[in-house]
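Comments concern the structure below.
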Amino acid sequence: MTEQTYAPGTYPDLPPPSDTVGPIHWLKVNLFSSPINSIVTLVAMYLLYLSLPSAISWLFIDATYVGETRKDCAPEGACMAFIGERFNLFVYGFYPAELRWRINLAAILLVVAGAAVLWDKMPARKHMIKFAMVYPLIGAWLLSGGFFGLEHVGTHLFGGLMLTLTIGVTGIVFSLPLGILLALGRQSKLPIIKYFCIGFIEFIRGVPLITLLFVASTMLSYFLPPGTTFDLLLRVLIMVTLFASAYMAEVIRGGLQALPKGQLEAADSLGLNYGQAMRLIILPQALKISIPGIVNTFIGLYKDSTLVIVIGLLDPLGIGRASVADTAWLGLSTEVYLFVAVFFFISCFGMARYSLYLENKLNTGHKR
Amino acid sequence: MSEAQSNSTTEKCIEIRNMNKWYGDFHVLKNINLEVCKGEKIVICGPSGSGKSTMIRCINRLEEHQQGDIIVDGTELTNDLKNIDAVRREVGMVFQHFNLFPHLTVLENCTLAPIWVRKTPKAEAEKTAMEFLERVKIPEQANKYPGQLSGGQQQRVAIARSLCMRPNIMLFDEPTSALDPEMIKEVLDTMVSLAEEGITMLCVTHEMGFAKKVADRVIFMDGGEIIESNTPHEFFDNPQHDRTKLFLSQILGH
Ligand SMILES: Nc1ncnc2c1ncn2[C@@H]1O[C@H](COP(=O)(O)OP(=O)(O)OP(=O)(O)O)[C@@H](O)[C@H]1O
Ligand SMILES: [Mg+2]
């Protein structure tokens with residue numbers, strides 16, 4: 001190679017040396033950077049070679065995607081026809097078929113409301129946020145009806161994916177504000193508020209969710225005045241929300257404690273009152289720090305919604321279990337659980353990716 | 001002496017009478033008596049742990065005192081939140097570690113309090129903020145975040161942020177001691193120009209050059225007491241107390 005010389009100020013932009021870019025370089029750095037790394041790579045490739053072809057042929061090549069009964073399915077492949085057959089059950093539970101449009105509409109509106117909250121480039125976002133604020137009421141009305149001309153649908157007919165989403169969205173929407181209040185209350189100078197919050201958080205954290213769900217399904221009626229009926233799903237929603245809010249409170253408390261004391265002092269010294277200081281200065285920063293923990297709690301809550309099986313509500317997993325027992329379609333548990341797993345994975349992975357996006361977006365470079 | 005002193009009326013801006021403060025059993029501030037007139041510049045110095053920060057933080061109630069009276073601009077500081085908020089609106093404070101709000105831009109840092117506390121319309125608050133950012137010579141940084149600025153620039157933003165509330169009194173708690181030497185000057189220059197405009201200033205600092213240049217009075221604290229209070233001229237050339245002499249010899253010694 002010849003050294004070329006340039007007059008000062010005329011040095012051109014040169015491409016990077018060829019051995020630091022390109023696929024070969026990528027392989028070298030990522031897969032074969034050291035002897036141990038190379039061995040791991042080779043072992044992993046061998047395992048993939050053993051498992052992948054059979055998995056692919058089971059799931060795709062030999063699989064049967066359309067069919068009426070178990071007999072239509074090729075024995076050596078996945079019987080996905082069954083999933084298709086039961087798809088509506090998985091999605092809508094036992095909701096009356098002629099009213100399923102209400103679930104669809106609620107889902108579409110949920111996407112709109114969710115986009116308004118989560119996506120800051122949403123057109124007319126200010127108004128859409130207002131819509132998102134009232135969405136929980138609209139959603140509840142659409143799903144269970146009973147007012148303004150919508151036929152009432154009992155919550156015992158809720159099931160499948162829509163049940164998971166109902167529990168998950170309700171829990172997420174209400175546990176965050178409740179968790180914020182609990183976290184702030186825990187720091188209160190007023191002993192009553194402080195010890196109430198500590199007691200609540202520690203009690204809820206100290207009891208397994210299953211226990212709370214049993215309490216919701218059976219014992220709560222002892223505490224309520226006799227004769228009052230209180231919808232089972234509503235009780236579950238309350239319990240799940242309270243449960244998540246206790247964890248949320250602790251996650252947010254971690255964020256609050258990570259803030260330097262000077263932030264509140266600066267806010268105070270400028271004359272902001274407590275509410276303004278929290279809303280404008282402390283919480284935006286504390287919540288930002290807490291995003292990974294908050295999303296973690298959301299994901300946990302979302303998956304914990306499968307526990308409602310124990311009190312007789314059928315979420316996708318519950319429906320999957322019931323389907324596996326169907327004599328016309330025996331021996332299909334792998335397909336059913338795979339389907340349920342993929343469904344949960346997609347939702348939870350989505351939340352995790354969103355949290356990363358949010359962290360990057362909110363990063364204002366003050367961590368220098 | 002500075003011009004402000006000759007202009008200053010005898011109107012009292014801050015009155016501290018027989019003020020005592022404890023942290024638990026620890027008596028941090030002992031029988032503090034201090035009167036500050038409108039437009040006066042006061043520099044407070046003293047060894048570490050002598051209670052300087054605690055004292056000026058009592059003036060805007062970042063710390064609570066247990067005994068005695070503090071009256072700021074005619075408002076007595078009690079547990080009444082209304083009084084506290086009223087005092088804080090009139091008193092600006094600049095901290096050693098800037099305490100800018102990292103999630104807001106420089107401009108938003110400056111407009112936040114005027115908009116929410118003074119209910120100034122946003123456009124007007126931004127205009128004022130730009131004027132003050134120009135005063136501290138960093139208007140071009142308005143849309144950056146604090147994390148993208150140097151320490152000296154951050155401290156000047158913090159000064160501008162306080163000024164945007166148009167306070168009558170400014171408190172400074174060691175505004176330059178977290179800064180590299182080359183940045184100290186830019187912050188001190190800002191403070192000198194501020195002093196020349198006649199605002200009442202209380203400044204905890206060990207920058208003796210600054211004290212000589214702008215202070216009307218220098219206060220020396222030790223062990224939670226005000227040991228000596230005098231004009232800079234007398235204070236530096238003719239200190240009365242042994243502890244003051246010792247302190248001055250240490251601080252001017254290097
Ligand atoms: N929150 C607190 N609880 C208990 N003691 C405290 C607290 N804050 C300060 N002190 C003590 O009070 C004394 C005075 O502190 P202060 O911060 O006012 O000193 P200072 O003169 O500003 O010192 P420095 O020059 O180091 O800033 C110190 O001995 C300190 O340890
Ligand atoms: Mg101090």
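Going by the structure tokens order, chains are called A, B, ..., each with residues numbered from 1, while ligands are numbered from 1 in the order shown.
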
Per-residue nearest contacts of chain A to chain B (8 Å; only C-alpha atoms) as a Markdown table:
```
| residue | atom | partner | partner_atom | distance |
| --- | --- | --- | --- | --- |
| A:Gly262 | CA | B:Asn99 | CA | 5.5 |
| A:Gln263 | CA | B:Asn99 | CA | 5.7 |
| A:Glu265 | CA | B:Leu62 | CA | 6.8 |
| A:Ala266 | CA | B:Asn99 | CA | 6.1 |
| A:Asp268 | CA | B:Arg88 | CA | 7.4 |
| A:Ser269 | CA | B:Arg88 | CA | 5.6 |
| A:Leu270 | CA | B:Ala113 | CA | 6.1 |
| A:Gly271 | CA | B:Arg88 | CA | 4.9 |
| A:Leu272 | CA | B:Val117 | CA | 6.1 |
| A:Asn273 | CA | B:Asp85 | CA | 7.4 |
| A:Gln276 | CA | B:Trp116 | CA | 7.8 |
| A:Ile281 | CA | B:Phe101 | CA | 7.0 |
| A:Pro284 | CA | B:His103 | CA | 7.7 |
| A:Gln285 | CA | B:His103 | CA | 6.8 |
| A:Leu362 | CA | B:His103 | CA | 7.9 |
| A:Thr364 | CA | B:Tyr145 | CA | 6.4 |
| A:Gly365 | CA | B:Gly147 | CA | 5.5 |
| A:His366 | CA | B:Gly147 | CA | 3.8 |
| A:Lys367 | CA | B:Gly147 | CA | 7.0 |
| A:Arg368 | CA | B:Gly147 | CA | 6.7 |
```

**Message:** To check your reading of the model: which residues sit at most 10 Å from ligand 1 when counting only C-alpha atoms and all ligand atoms? Write the answer as a PyMOL selection string.
**Reply:** chain B and resi 21-29+44-58+63+96+173-174+177+204-206+221-224

I need the residues from that last selection saved to file as a compact mmCIF listing (two decimals), in the first residue's frame (with C-alpha atoms), if you can.
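This is the output file result21.txt:
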```txt
# COMPACT_ATOMS: atom_id res chain seq x y z
CA LYS B 21 -31.99 25.23 64.74
CA TRP B 22 -31.28 21.66 65.73
CA TYR B 23 -30.79 18.48 63.74
CA GLY B 24 -32.03 16.03 66.33
CA ASP B 25 -29.83 16.80 69.34
CA PHE B 26 -27.26 18.62 67.29
CA HIS B 27 -27.45 22.41 67.69
CA VAL B 28 -26.49 23.59 64.18
CA LEU B 29 -27.48 27.23 64.33
CA ILE B 44 -20.99 34.36 54.07
CA CYS B 45 -17.89 32.33 54.73
CA GLY B 46 -16.59 29.96 57.33
CA PRO B 47 -15.15 26.51 57.74
CA SER B 48 -16.91 23.41 56.44
CA GLY B 49 -19.77 22.31 58.69
CA SER B 50 -20.16 25.72 60.29
CA GLY B 51 -23.81 25.96 59.24
CA LYS B 52 -23.58 28.39 56.30
CA SER B 53 -25.75 26.33 53.99
CA THR B 54 -28.20 25.57 56.74
CA MET B 55 -28.59 29.23 57.52
CA ILE B 56 -29.33 30.43 54.02
CA ARG B 57 -31.57 27.44 53.41
CA CYS B 58 -33.64 28.55 56.39
CA GLU B 63 -34.78 23.90 56.29
CA GLN B 96 -23.69 24.16 44.42
CA ASP B 173 -24.86 28.37 48.10
CA GLU B 174 -21.26 27.87 46.96
CA SER B 177 -17.25 25.21 44.20
CA VAL B 204 -22.00 31.54 50.57
CA THR B 205 -18.63 31.42 48.87
CA HIS B 206 -14.93 31.16 49.47
CA MET B 221 -19.58 31.71 60.70
CA ASP B 222 -18.09 29.00 62.85
CA GLY B 223 -19.69 26.29 64.96
CA GLY B 224 -23.21 27.46 64.09
```

**Request:** Identify all residues of segment 129-200 of chain B in strand (DSSP E or B) (DSSP on the backbone) and supply them as an MDAnalysis selection string.
**Result:** chainID B and resid 169:173 200

For the residues in the current selection, export N, CA and C atoms as a compact mmCIF listing (two decimals), in the first residue's frame.
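The file below, part-v3.txt, is the result:
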```
# COMPACT_ATOMS: atom_id res chain seq x y z
N ILE B 169 -34.73 38.74 46.12
CA ILE B 169 -33.56 38.29 46.87
C ILE B 169 -32.99 37.07 46.17
N MET B 170 -31.67 37.01 46.07
CA MET B 170 -31.04 35.81 45.51
C MET B 170 -30.13 35.19 46.57
N LEU B 171 -30.28 33.87 46.74
CA LEU B 171 -29.40 33.13 47.64
C LEU B 171 -28.47 32.27 46.79
N PHE B 172 -27.20 32.30 47.10
CA PHE B 172 -26.24 31.45 46.39
C PHE B 172 -25.54 30.57 47.41
N ASP B 173 -25.56 29.26 47.18
CA ASP B 173 -24.86 28.37 48.10
C ASP B 173 -23.66 27.75 47.38
N THR B 200 -30.85 42.17 46.01
CA THR B 200 -30.33 41.75 47.31
C THR B 200 -29.71 40.37 47.15
```

**Request:** Skip Lys213 of chain B itself and residues of its chain fewer than 6 positions away, then list as an MDAnalysis selection string all residues within 12 Å of it, counting only C-alpha atoms.
**Result:** chainID B and resid 1:3 41:43 188:189 191:193 195:196 207 231:233

Those selected residues, please, written with N, CA and C atoms and delivered as a PDB file, in the first residue's frame.
```pdb
ATOM      1  N   MET B   1     -16.387  50.909  47.606  1.00  0.00           N
ATOM      2  CA  MET B   1     -17.614  50.130  47.846  1.00  0.00           C
ATOM      3  C   MET B   1     -18.514  50.174  46.624  1.00  0.00           C
ATOM      4  N   SER B   2     -19.386  49.198  46.551  1.00  0.00           N
ATOM      5  CA  SER B   2     -20.237  49.141  45.367  1.00  0.00           C
ATOM      6  C   SER B   2     -21.272  50.261  45.424  1.00  0.00           C
ATOM      7  N   GLU B   3     -21.784  50.539  44.253  1.00  0.00           N
ATOM      8  CA  GLU B   3     -22.724  51.626  44.107  1.00  0.00           C
ATOM      9  C   GLU B   3     -24.018  51.338  44.863  1.00  0.00           C
ATOM     10  N   LYS B  41     -25.466  43.349  49.500  1.00  0.00           N
ATOM     11  CA  LYS B  41     -24.783  42.129  49.060  1.00  0.00           C
ATOM     12  C   LYS B  41     -24.035  41.575  50.257  1.00  0.00           C
ATOM     13  N   ILE B  42     -24.325  40.342  50.595  1.00  0.00           N
ATOM     14  CA  ILE B  42     -23.678  39.766  51.763  1.00  0.00           C
ATOM     15  C   ILE B  42     -22.961  38.495  51.373  1.00  0.00           C
ATOM     16  N   VAL B  43     -21.727  38.390  51.773  1.00  0.00           N
ATOM     17  CA  VAL B  43     -20.979  37.167  51.527  1.00  0.00           C
ATOM     18  C   VAL B  43     -20.804  36.450  52.853  1.00  0.00           C
ATOM     19  N   LEU B 188     -18.768  33.786  38.115  1.00  0.00           N
ATOM     20  CA  LEU B 188     -18.570  34.959  38.974  1.00  0.00           C
ATOM     21  C   LEU B 188     -18.876  36.248  38.223  1.00  0.00           C
ATOM     22  N   ASP B 189     -18.470  36.319  36.955  1.00  0.00           N
ATOM     23  CA  ASP B 189     -18.763  37.518  36.158  1.00  0.00           C
ATOM     24  C   ASP B 189     -20.263  37.760  36.113  1.00  0.00           C
ATOM     25  N   MET B 191     -22.403  36.828  38.289  1.00  0.00           N
ATOM     26  CA  MET B 191     -22.882  37.269  39.593  1.00  0.00           C
ATOM     27  C   MET B 191     -22.509  38.717  39.871  1.00  0.00           C
ATOM     28  N   VAL B 192     -21.342  39.118  39.413  1.00  0.00           N
ATOM     29  CA  VAL B 192     -20.934  40.514  39.615  1.00  0.00           C
ATOM     30  C   VAL B 192     -21.891  41.429  38.875  1.00  0.00           C
ATOM     31  N   SER B 193     -22.238  41.069  37.635  1.00  0.00           N
ATOM     32  CA  SER B 193     -23.115  41.955  36.875  1.00  0.00           C
ATOM     33  C   SER B 193     -24.501  41.994  37.513  1.00  0.00           C
ATOM     34  N   ALA B 195     -24.999  41.707  40.739  1.00  0.00           N
ATOM     35  CA  ALA B 195     -24.857  42.536  41.935  1.00  0.00           C
ATOM     36  C   ALA B 195     -24.946  44.009  41.578  1.00  0.00           C
ATOM     37  N   GLU B 196     -24.394  44.349  40.417  1.00  0.00           N
ATOM     38  CA  GLU B 196     -24.382  45.756  40.027  1.00  0.00           C
ATOM     39  C   GLU B 196     -25.776  46.286  39.749  1.00  0.00           C
ATOM     40  N   GLU B 207     -14.813  32.512  47.462  1.00  0.00           N
ATOM     41  CA  GLU B 207     -14.126  33.333  46.464  1.00  0.00           C
ATOM     42  C   GLU B 207     -13.906  34.713  47.068  1.00  0.00           C
ATOM     43  N   THR B 231     -17.518  45.076  57.072  1.00  0.00           N
ATOM     44  CA  THR B 231     -17.296  45.422  55.671  1.00  0.00           C
ATOM     45  C   THR B 231     -16.098  44.624  55.179  1.00  0.00           C
ATOM     46  N   PRO B 232     -16.021  44.335  53.877  1.00  0.00           N
ATOM     47  CA  PRO B 232     -14.913  43.521  53.381  1.00  0.00           C
ATOM     48  C   PRO B 232     -13.566  44.123  53.751  1.00  0.00           C
ATOM     49  N   HIS B 233     -13.510  45.434  53.667  1.00  0.00           N
ATOM     50  CA  HIS B 233     -12.261  46.123  53.960  1.00  0.00           C
ATOM     51  C   HIS B 233     -11.787  45.786  55.371  1.00  0.00           C
TER      52      HIS B 233
END
```

**Request:** Write down as a PyMOL selection string the residues of segment 8-254 of chain B whose backbone DSSP state falls under helix (DSSP H, G or I).
**Result:** chain B and resi 52-59+81-90+106-116+122-135+139-141+146-148+151-163+181-196+208-214+232-237+242-253

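Among the candidate residues B:Glu186, B:Gly253, B:Ile226, B:Thr78, the one lying nearest to His241 of chain B is B:Ile226, with distances computed using only C-alpha atoms.
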
**Message:** Ranking A:Tyr354, A:Tyr95, A:Tyr247, A:Phe230 by minimum distance to Gly160 of chain A and counting only C-alpha atoms, which one comes first?
**Reply:** A:Tyr95

Could you name the residues that touch Glu228 of chain B at 10 Å or less, counting only C-alpha atoms, but leaving out those on the same chain fewer than 2 positions away, as a compact mmCIF listing (two decimals) with N, CA, C and O atoms, in the first residue's frame?
```txt
# COMPACT_ATOMS: atom_id res chain seq x y z
N VAL B 218 -19.28 41.14 54.96
CA VAL B 218 -18.84 39.75 54.96
C VAL B 218 -19.16 39.18 56.33
O VAL B 218 -18.91 39.82 57.36
N ILE B 219 -19.78 38.00 56.32
CA ILE B 219 -20.15 37.36 57.58
C ILE B 219 -19.33 36.11 57.73
O ILE B 219 -19.21 35.32 56.79
N PHE B 220 -18.74 35.95 58.91
CA PHE B 220 -17.94 34.75 59.16
C PHE B 220 -18.68 33.88 60.17
O PHE B 220 -19.06 34.34 61.24
N MET B 221 -18.89 32.64 59.81
CA MET B 221 -19.58 31.71 60.70
C MET B 221 -18.64 30.61 61.15
O MET B 221 -17.79 30.16 60.39
N ASP B 222 -18.83 30.17 62.37
CA ASP B 222 -18.09 29.00 62.85
C ASP B 222 -18.91 28.33 63.95
O ASP B 222 -19.51 29.03 64.78
N GLU B 225 -22.42 29.67 64.78
CA GLU B 225 -22.63 31.05 65.23
C GLU B 225 -22.10 32.02 64.18
O GLU B 225 -21.18 31.70 63.44
N ILE B 226 -22.69 33.21 64.18
CA ILE B 226 -22.09 34.28 63.41
C ILE B 226 -21.01 34.88 64.30
O ILE B 226 -21.30 35.46 65.35
N ASN B 230 -18.69 42.23 59.05
CA ASN B 230 -18.02 43.51 58.84
C ASN B 230 -17.93 43.85 57.36
O ASN B 230 -18.21 43.01 56.52
N PHE B 235 -12.98 43.43 57.30
CA PHE B 235 -12.95 41.99 57.52
C PHE B 235 -11.60 41.41 57.12
O PHE B 235 -11.01 40.62 57.84
N PRO B 239 -9.30 41.75 60.90
CA PRO B 239 -10.24 40.82 61.52
C PRO B 239 -10.17 40.90 63.04
O PRO B 239 -9.09 41.06 63.60
N GLN B 240 -11.34 40.80 63.69
CA GLN B 240 -11.41 41.00 65.13
C GLN B 240 -11.12 39.74 65.93
O GLN B 240 -10.52 39.79 66.97
N HIS B 241 -11.60 38.63 65.42
CA HIS B 241 -11.55 37.41 66.22
C HIS B 241 -10.41 36.49 65.78
O HIS B 241 -10.05 36.45 64.61
N ARG B 243 -10.52 33.31 65.57
CA ARG B 243 -10.99 32.28 64.64
C ARG B 243 -11.08 32.81 63.22
O ARG B 243 -10.80 32.12 62.26
N THR B 244 -11.46 34.08 63.12
CA THR B 244 -11.51 34.69 61.79
C THR B 244 -10.10 34.77 61.21
O THR B 244 -9.88 34.45 60.04
```

**Message:** Env of segment 123-137 of chain A: 10 Å cut, atoms = only C-alpha atoms, seq-sep filter 3 positions within chain, self excluded. Answer as a ChimeraX atom specification.
**Reply:** /A:106,109-120,140-143,166,169-170,173-174

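Neighbouring residues of Arg321 of chain A at 12 Å or closer, counting only C-alpha atoms and skipping chain neighbours under 2 positions away, are Phe90, Gly160, Thr306, Ile309, Leu314, Asp315, Pro316, Leu317, Gly318, Ile319, Ser323, Val324, Ala325, Asp326, Leu330, Gly331, Leu332, Ser333, Thr334, Glu335, Val336, Tyr337, Phe339 and Val340 of chain A.
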
**Prompt:** Taking only C-alpha atoms into account, which of B:Ala211, B:Leu246, B:Ala125, B:Ile14 comes nearest Asn33 of chain B?
**Reply:** B:Ile14
